Every structure is written in structure tokens, then in C-alpha cells.
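Note sheet for the following structure.
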Amino acid sequence: MSLGDVRALAEAIRAEVGKAVVGQGETIEHLLIALMARGHVLLEGPPGTAKTFLAQCFAATLGLDFGRIQFTPDLMPGDILGSNLFNFQTSQFTLTRGAIFCDLLLADEINRTPPKTQAALLEAMQERRVTLDGERHALPEAFMVVATQNPIESQGVYPLPEAQLDRFLFKQLVDYPSIEEERRIVERFGANRGAPTPAEMGVAAVASPAVLATAAAAVRTVTLAESVADYIVRLVRATRESA
């Protein structure tokens, strides 16, 4: 696959997501970059800005195995990772995999769960594997987390520490749509009942895990110019020296 093919694939994904989601072009762009770079994305924005629906549509266009976890204060690490349960019929322990064993995981309202559960997810994001009872289990090659959080709530939330935010390649601020976009949203969804689904909006898969792996390999062939590398290093070092 050439870089031109990768660009065409990205445009096809944008077009499919655009069938259901109005606007949010910058957010879709960052999701595509994270997908190719094997990174994770944190979406922060007020309720009603289609963060969850966008992640669902994005996964639908990629043809990936999609999982969702609604984070709550009583969620435990085992609810995410899974556990070994004793099978009385076979007198053996059987692995019950948690929701994290998927290609694209939506971690909805990640700041509503205690730090212990947050840490279990963030460790899996970093290592791309899960350890249960001393045994390691690899996550899919294309594993990606899209997490959401609501910035206007202050009660019953557990903000992610700065060190844990480092697990995300991007923290994307999702704002309210413009007045033109909001009018299009009302025209498109105003007569509907209930929450829409990607399938109802005609969103179809335009990729597959194999295609995405080929596209990511093509992206890795891009040469990093020495001048660009020097600029990156100077920019990063400047953030350490200036308030």
C-alpha cells in the first residue's frame, strides 16, 4: 500500500463517519492519526457533543471488534480485565475475558471510576497485555482506547493524574458545534426517537484489521527529516524550561 492509498483510506473513513456525525473534523483527524500511530485518544467535552457516538461510528468504519465500558464508581479491575473462574464441571479454572479484549475499546467517562480501576486500564494501554494470576495475555495488535470524560462535573469523579494522562497520544477537547452544524443536527435527528446507531445512519466498514495493518506499515516508511527531528527536540526541551 502506498501513501496515496493511505490518504484515500482516510478520506473514505471520514466520509463514512460524516454520514452520522455532523462536524468534528479535527477530532476525526486526531483519531485517524492515533490509529496509524498505535496511540490512544482522550476525548473531553460537555454532554451531548457526540463523543460516544463518534467512537462507535469510527469503529464501525474500520471493521474492528468494538467494546465499550461504562465507568462507574463501583467498577473493579476484574470487570475490565476478566478473571479466572472455577469450573465445577471440569474442576479447573477457566479464563473469562473482560471487555478489554477487543480491537477498539470505548472507555466511557473514565474519570468516574476509582484510581485502582483506572490504573488497570492504563497499564494495559501501555503494555498491550493483561496479566491474570501471573499469566500474561496479549491484546490484539490493533488495540486502541478511545476514552471520554466530562469536564463540567466535580462530584463523584476521580481526575486522571498528569502521569497517567501520558498514556494518551492526544487529549482532544470536543466543543459544542457551530450554529450551522447544530441546525444540521436538528434537521437530521430531530424527528428520530431514541439514540441512533451507526447502522441506522448507513455507516459501513471501509477497512479491516489487515488493511489497517498494511496502512500503518506504509506510514512507518515515511522518513523523518533531520531538520524536523531537531525542531521536535528543541520544542520539547523548551516546554521543560519555560513556565
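All residue names refer to the C-alpha cells as shown: chains lettered A, B, ... in order, residues numbered from 1 in each chain, ligands numbered from 1 in order.
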Would you please give, as a CSV table (one decimal) with N, CA and C atoms, in the first residue's frame, all residues of region 22-232 of chain A that DSSP assigns to alpha helix (DSSP H) based on the backbone?
chain,number,residue,atom,x,y,z
A,25,GLY,N,-14.5,17.5,12.6
A,25,GLY,CA,-13.4,17.1,11.7
A,25,GLY,C,-12.1,17.0,12.3
A,26,GLU,N,-11.8,17.9,13.2
A,26,GLU,CA,-10.5,17.9,13.9
A,26,GLU,C,-10.4,16.6,14.8
A,27,THR,N,-11.5,16.3,15.5
A,27,THR,CA,-11.5,15.1,16.3
A,27,THR,C,-11.3,13.8,15.5
A,28,ILE,N,-11.9,13.7,14.4
A,28,ILE,CA,-11.8,12.6,13.5
A,28,ILE,C,-10.3,12.5,13.0
A,29,GLU,N,-9.7,13.7,12.7
A,29,GLU,CA,-8.3,13.7,12.2
A,29,GLU,C,-7.4,13.1,13.3
A,30,HIS,N,-7.6,13.5,14.5
A,30,HIS,CA,-6.7,13.0,15.6
A,30,HIS,C,-7.0,11.5,15.8
A,31,LEU,N,-8.2,11.0,15.7
A,31,LEU,CA,-8.5,9.6,15.8
A,31,LEU,C,-7.7,8.8,14.7
A,32,LEU,N,-7.7,9.3,13.5
A,32,LEU,CA,-7.0,8.7,12.4
A,32,LEU,C,-5.5,8.6,12.7
A,33,ILE,N,-4.9,9.8,13.1
A,33,ILE,CA,-3.5,9.8,13.4
A,33,ILE,C,-3.2,8.8,14.5
A,34,ALA,N,-4.0,8.8,15.6
A,34,ALA,CA,-3.7,7.8,16.7
A,34,ALA,C,-3.8,6.4,16.2
A,35,LEU,N,-4.8,6.1,15.3
A,35,LEU,CA,-5.0,4.8,14.8
A,35,LEU,C,-3.7,4.3,14.0
A,36,MET,N,-3.1,5.2,13.2
A,36,MET,CA,-2.0,4.8,12.4
A,36,MET,C,-0.7,4.7,13.3
A,37,ALA,N,-0.7,5.5,14.4
A,37,ALA,CA,0.5,5.6,15.2
A,37,ALA,C,0.4,4.6,16.4
A,51,LYS,N,-19.5,12.4,21.7
A,51,LYS,CA,-18.2,11.7,21.9
A,51,LYS,C,-18.4,10.2,21.8
A,52,THR,N,-19.4,9.7,22.5
A,52,THR,CA,-19.6,8.2,22.4
A,52,THR,C,-20.0,7.8,21.0
A,53,PHE,N,-21.0,8.5,20.4
A,53,PHE,CA,-21.5,8.1,19.1
A,53,PHE,C,-20.4,8.2,18.1
A,54,LEU,N,-19.5,9.2,18.2
A,54,LEU,CA,-18.4,9.3,17.3
A,54,LEU,C,-17.5,8.1,17.3
A,55,ALA,N,-17.2,7.7,18.6
A,55,ALA,CA,-16.3,6.5,18.7
A,55,ALA,C,-17.0,5.2,18.1
A,56,GLN,N,-18.3,5.1,18.3
A,56,GLN,CA,-19.0,4.0,17.8
A,56,GLN,C,-18.9,4.0,16.2
A,57,CYS,N,-19.2,5.1,15.6
A,57,CYS,CA,-19.1,5.3,14.2
A,57,CYS,C,-17.7,5.0,13.6
A,58,PHE,N,-16.7,5.5,14.3
A,58,PHE,CA,-15.3,5.3,13.9
A,58,PHE,C,-15.0,3.9,13.9
A,59,ALA,N,-15.4,3.1,14.9
A,59,ALA,CA,-15.1,1.7,15.0
A,59,ALA,C,-15.9,1.0,13.9
A,60,ALA,N,-17.1,1.4,13.6
A,60,ALA,CA,-17.9,0.7,12.5
A,60,ALA,C,-17.3,0.8,11.2
A,61,THR,N,-16.6,2.0,10.9
A,61,THR,CA,-16.0,2.2,9.6
A,61,THR,C,-14.7,1.3,9.4
A,62,LEU,N,-14.1,1.0,10.5
A,62,LEU,CA,-12.8,0.3,10.5
A,62,LEU,C,-13.0,-1.2,10.4
A,77,PRO,N,-11.2,-3.7,38.8
A,77,PRO,CA,-10.3,-4.1,37.7
A,77,PRO,C,-10.7,-5.4,37.0
A,78,GLY,N,-11.2,-6.3,37.8
A,78,GLY,CA,-11.6,-7.6,37.2
A,78,GLY,C,-12.8,-7.4,36.2
A,79,ASP,N,-13.6,-6.4,36.4
A,79,ASP,CA,-14.7,-6.1,35.4
A,79,ASP,C,-14.2,-5.7,34.1
A,80,ILE,N,-13.0,-5.1,34.1
A,80,ILE,CA,-12.4,-4.7,32.8
A,80,ILE,C,-11.5,-5.8,32.2
A,81,LEU,N,-10.6,-6.4,33.0
A,81,LEU,CA,-9.6,-7.3,32.5
A,81,LEU,C,-10.1,-8.7,32.4
A,115,PRO,N,-9.1,5.3,41.2
A,115,PRO,CA,-7.8,5.2,40.6
A,115,PRO,C,-7.3,3.7,40.4
A,116,LYS,N,-7.7,2.8,41.2
A,116,LYS,CA,-7.2,1.4,41.1
A,116,LYS,C,-7.7,0.8,39.8
A,117,THR,N,-9.0,1.1,39.4
A,117,THR,CA,-9.5,0.6,38.2
A,117,THR,C,-9.0,1.4,37.0
A,118,GLN,N,-8.8,2.7,37.1
A,118,GLN,CA,-8.1,3.4,36.1
A,118,GLN,C,-6.8,2.9,35.8
A,119,ALA,N,-6.0,2.6,36.8
A,119,ALA,CA,-4.6,2.1,36.6
A,119,ALA,C,-4.6,0.7,35.9
A,120,ALA,N,-5.6,-0.1,36.1
A,120,ALA,CA,-5.6,-1.4,35.4
A,120,ALA,C,-5.8,-1.2,33.9
A,121,LEU,N,-6.6,-0.3,33.5
A,121,LEU,CA,-6.8,0.0,32.1
A,121,LEU,C,-5.6,0.7,31.5
A,122,LEU,N,-5.0,1.6,32.3
A,122,LEU,CA,-3.9,2.4,31.7
A,122,LEU,C,-2.6,1.5,31.6
A,123,GLU,N,-2.5,0.5,32.5
A,123,GLU,CA,-1.4,-0.4,32.4
A,123,GLU,C,-1.5,-1.3,31.1
A,124,ALA,N,-2.7,-1.7,30.8
A,124,ALA,CA,-3.0,-2.5,29.6
A,124,ALA,C,-2.7,-1.6,28.4
A,125,MET,N,-3.1,-0.3,28.4
A,125,MET,CA,-2.8,0.5,27.3
A,125,MET,C,-1.3,0.7,27.0
A,126,GLN,N,-0.5,0.7,28.1
A,126,GLN,CA,0.9,0.9,27.9
A,126,GLN,C,1.6,-0.4,27.4
A,127,GLU,N,1.2,-1.5,28.1
A,127,GLU,CA,1.9,-2.8,27.8
A,127,GLU,C,1.3,-3.6,26.7
A,162,GLU,N,-1.5,13.6,36.0
A,162,GLU,CA,-0.8,14.0,34.8
A,162,GLU,C,0.1,12.8,34.3
A,163,ALA,N,0.6,12.1,35.2
A,163,ALA,CA,1.5,10.9,34.7
A,163,ALA,C,0.7,9.9,34.0
A,164,GLN,N,-0.6,9.7,34.4
A,164,GLN,CA,-1.4,8.7,33.7
A,164,GLN,C,-2.0,9.3,32.4
A,165,LEU,N,-2.1,10.6,32.3
A,165,LEU,CA,-2.6,11.2,31.0
A,165,LEU,C,-1.5,10.9,29.9
A,179,ILE,N,-23.4,27.1,15.0
A,179,ILE,CA,-24.8,27.3,14.8
A,179,ILE,C,-25.3,26.6,13.5
A,180,GLU,N,-24.5,26.6,12.5
A,180,GLU,CA,-24.8,25.9,11.2
A,180,GLU,C,-24.8,24.4,11.4
A,181,GLU,N,-23.8,23.9,12.1
A,181,GLU,CA,-23.8,22.5,12.4
A,181,GLU,C,-24.9,22.0,13.3
A,182,GLU,N,-25.2,22.8,14.3
A,182,GLU,CA,-26.3,22.5,15.2
A,182,GLU,C,-27.7,22.4,14.5
A,183,ARG,N,-27.8,23.3,13.5
A,183,ARG,CA,-29.1,23.3,12.7
A,183,ARG,C,-29.1,22.0,11.9
A,184,ARG,N,-28.0,21.6,11.3
A,184,ARG,CA,-28.0,20.4,10.6
A,184,ARG,C,-28.3,19.2,11.4
A,185,ILE,N,-27.8,19.2,12.7
A,185,ILE,CA,-28.0,18.1,13.6
A,185,ILE,C,-29.5,18.0,13.9
A,186,VAL,N,-30.2,19.1,14.2
A,186,VAL,CA,-31.6,19.1,14.4
A,186,VAL,C,-32.4,18.6,13.2
A,187,GLU,N,-32.0,19.0,12.0
A,187,GLU,CA,-32.7,18.6,10.8
A,187,GLU,C,-32.5,17.1,10.6
A,188,ARG,N,-31.3,16.6,10.9
A,188,ARG,CA,-31.0,15.2,10.7
A,188,ARG,C,-31.6,14.2,11.7
A,189,PHE,N,-31.6,14.7,13.0
A,189,PHE,CA,-32.0,13.8,14.1
A,189,PHE,C,-33.3,14.2,14.8
A,209,PRO,N,-9.0,-5.2,9.8
A,209,PRO,CA,-7.7,-5.2,10.5
A,209,PRO,C,-6.5,-5.4,9.6
A,210,ALA,N,-6.6,-6.2,8.6
A,210,ALA,CA,-5.5,-6.5,7.7
A,210,ALA,C,-5.2,-5.2,6.9
A,211,VAL,N,-6.2,-4.5,6.4
A,211,VAL,CA,-5.9,-3.3,5.7
A,211,VAL,C,-5.3,-2.2,6.6
A,212,LEU,N,-5.8,-2.1,7.8
A,212,LEU,CA,-5.2,-1.1,8.7
A,212,LEU,C,-3.8,-1.4,9.1
A,213,ALA,N,-3.4,-2.7,9.2
A,213,ALA,CA,-2.1,-3.1,9.5
A,213,ALA,C,-1.1,-2.7,8.3
A,214,THR,N,-1.6,-2.9,7.1
A,214,THR,CA,-0.9,-2.5,5.9
A,214,THR,C,-0.7,-1.0,5.8
A,215,ALA,N,-1.7,-0.3,6.1
A,215,ALA,CA,-1.7,1.2,6.1
A,215,ALA,C,-0.7,1.7,7.2
A,216,ALA,N,-0.7,1.1,8.4
A,216,ALA,CA,0.2,1.5,9.4
A,216,ALA,C,1.7,1.2,9.0
A,217,ALA,N,1.9,0.1,8.3
A,217,ALA,CA,3.2,-0.2,7.8
A,217,ALA,C,3.7,0.8,6.8
A,218,ALA,N,2.8,1.2,5.9
A,218,ALA,CA,3.1,2.2,4.9
A,218,ALA,C,3.5,3.6,5.6
A,219,VAL,N,2.8,3.9,6.6
A,219,VAL,CA,3.1,5.2,7.3
A,219,VAL,C,4.5,5.2,7.9
A,226,GLU,N,16.0,15.3,9.2
A,226,GLU,CA,16.9,15.7,10.3
A,226,GLU,C,16.4,17.1,10.9
A,227,SER,N,16.0,18.0,10.0
A,227,SER,CA,15.6,19.3,10.4
A,227,SER,C,14.3,19.2,11.3
A,228,VAL,N,13.4,18.3,10.9
A,228,VAL,CA,12.2,18.1,11.6
A,228,VAL,C,12.5,17.5,13.0
A,229,ALA,N,13.4,16.5,13.0
A,229,ALA,CA,13.7,15.9,14.3
A,229,ALA,C,14.4,16.9,15.2
A,230,ASP,N,15.2,17.8,14.7
A,230,ASP,CA,15.9,18.8,15.5
A,230,ASP,C,14.8,19.8,16.1
A,231,TYR,N,13.8,20.2,15.2
A,231,TYR,CA,12.8,21.1,15.7
A,231,TYR,C,12.0,20.4,16.8
A,232,ILE,N,11.6,19.2,16.7
A,232,ILE,CA,10.8,18.5,17.7
A,232,ILE,C,11.6,18.5,19.0
Handout entry: Nearby residues (only C-alpha atoms) at most 10 Å from Gly67 (chain A), same-chain spacing under 2 positions excluded, as a PyMOL selection string
Key = chain A and resi 56+59+64-65+69+98-107+145
Practice task
Compile the contact shell of Thr148 (chain A) as a list in words: residues with an atom at most 6 Å away, counting only C-alpha atoms, same-chain residues fewer than 5 positions apart removed.
Solution key: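 Neighbouring residues, sequence-local ones excluded: Leu42, Leu43, Glu44, Asp108 and Glu109 of chain A.
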Keeping only all heavy atoms, write the selected residues as a PDB file, in the first residue's frame.
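Generated output (selection_3.pdb):
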ATOM      1  N   LEU A  42      -7.988  10.600  24.317  1.00  0.00           N
ATOM      2  CA  LEU A  42      -8.907  11.000  25.376  1.00  0.00           C
ATOM      3  C   LEU A  42      -9.752  12.157  24.851  1.00  0.00           C
ATOM      4  O   LEU A  42      -9.217  13.207  24.481  1.00  0.00           O
ATOM      5  CB  LEU A  42      -8.137  11.432  26.626  1.00  0.00           C
ATOM      6  CG  LEU A  42      -8.966  11.993  27.785  1.00  0.00           C
ATOM      7  CD1 LEU A  42      -9.945  10.949  28.311  1.00  0.00           C
ATOM      8  CD2 LEU A  42      -8.070  12.500  28.903  1.00  0.00           C
ATOM      9  N   LEU A  43     -11.067  11.958  24.794  1.00  0.00           N
ATOM     10  CA  LEU A  43     -11.994  12.993  24.339  1.00  0.00           C
ATOM     11  C   LEU A  43     -12.625  13.648  25.563  1.00  0.00           C
ATOM     12  O   LEU A  43     -13.238  12.971  26.378  1.00  0.00           O
ATOM     13  CB  LEU A  43     -13.093  12.386  23.446  1.00  0.00           C
ATOM     14  CG  LEU A  43     -12.629  11.614  22.215  1.00  0.00           C
ATOM     15  CD1 LEU A  43     -13.833  11.067  21.448  1.00  0.00           C
ATOM     16  CD2 LEU A  43     -11.774  12.482  21.306  1.00  0.00           C
ATOM     17  N   GLU A  44     -12.448  14.955  25.674  1.00  0.00           N
ATOM     18  CA  GLU A  44     -13.020  15.683  26.802  1.00  0.00           C
ATOM     19  C   GLU A  44     -13.983  16.740  26.279  1.00  0.00           C
ATOM     20  O   GLU A  44     -13.628  17.555  25.430  1.00  0.00           O
ATOM     21  CB  GLU A  44     -11.922  16.346  27.626  1.00  0.00           C
ATOM     22  CG  GLU A  44     -12.457  17.150  28.807  1.00  0.00           C
ATOM     23  CD  GLU A  44     -11.357  17.780  29.636  1.00  0.00           C
ATOM     24  OE1 GLU A  44     -10.704  17.054  30.390  1.00  0.00           O
ATOM     25  OE2 GLU A  44     -11.136  18.996  29.496  1.00  0.00           O
ATOM     26  N   ASP A 108     -15.921   4.860  28.465  1.00  0.00           N
ATOM     27  CA  ASP A 108     -16.846   5.979  28.617  1.00  0.00           C
ATOM     28  C   ASP A 108     -16.798   6.541  30.034  1.00  0.00           C
ATOM     29  O   ASP A 108     -16.952   5.799  31.007  1.00  0.00           O
ATOM     30  CB  ASP A 108     -18.268   5.529  28.287  1.00  0.00           C
ATOM     31  CG  ASP A 108     -19.008   6.543  27.443  1.00  0.00           C
ATOM     32  OD1 ASP A 108     -18.488   7.654  27.254  1.00  0.00           O
ATOM     33  OD2 ASP A 108     -20.117   6.221  26.966  1.00  0.00           O
ATOM     34  N   GLU A 109     -16.582   7.853  30.147  1.00  0.00           N
ATOM     35  CA  GLU A 109     -16.491   8.567  31.422  1.00  0.00           C
ATOM     36  C   GLU A 109     -15.439   7.921  32.328  1.00  0.00           C
ATOM     37  O   GLU A 109     -15.718   7.496  33.455  1.00  0.00           O
ATOM     38  CB  GLU A 109     -17.859   8.620  32.102  1.00  0.00           C
ATOM     39  CG  GLU A 109     -18.891   9.423  31.313  1.00  0.00           C
ATOM     40  CD  GLU A 109     -20.177   9.655  32.082  1.00  0.00           C
ATOM     41  OE1 GLU A 109     -20.947   8.678  32.218  1.00  0.00           O
ATOM     42  OE2 GLU A 109     -20.412  10.777  32.533  1.00  0.00           O
TER      43      GLU A 109
END
Practice task
Report as a PyMOL selection string: the residues of region 1-83 of chain A with a DSSP assignment of strand (DSSP E), based on the backbone of this structure.
Solution key: chain A and resi 41-44+66-70+82-83
Could you take the residues named above and write them with C-alpha atoms, as a CSV table (one decimal), in the first residue's frame?
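To be explicit, this is the file written out as part_35.csv:
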chain,number,residue,atom,x,y,z
A,41,VAL,CA,-7.1,9.2,22.5
A,42,LEU,CA,-8.9,11.0,25.4
A,43,LEU,CA,-12.0,13.0,24.3
A,44,GLU,CA,-13.0,15.7,26.8
A,66,PHE,CA,-15.7,-2.9,19.3
A,67,GLY,CA,-16.1,-2.9,23.0
A,68,ARG,CA,-17.5,-0.4,25.5
A,69,ILE,CA,-17.1,0.0,29.2
A,70,GLN,CA,-19.3,2.4,31.1
A,82,GLY,CA,-11.5,-10.5,33.3
A,83,SER,CA,-10.7,-13.3,35.8
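For the residues A:Asn192, A:Ser178, A:Thr197, A:Thr239, ranking by smallest atom-to-atom distance to Gly23 (chain A) using only C-alpha atoms places A:Ser178 first.
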Fill in the blank from the handout: Separating CA of Arg240 (chain A) from CA of Gly45 (chain A), to the nearest tenth of an Å, is a gap of 27.5 Å
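Proximity ranking of A:Arg234, A:Ala138, A:Gln92, A:Ala207 relative to Ala8 (chain A) places A:Ala207 first, based on only C-alpha atoms.
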Exercise for the section: Using CA of Leu9 (chain A) and CA of Val222 (chain A) as the two end points, give the distance in Å to one decimal. Expected result: 16.9 Å
Practice task
Just give me the gap between CA of Arg112 (chain A) and CA of Val157 (chain A) in Å, one decimal is fine.
Solution key: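 Computing it gives 4.5 Å between the two atoms.
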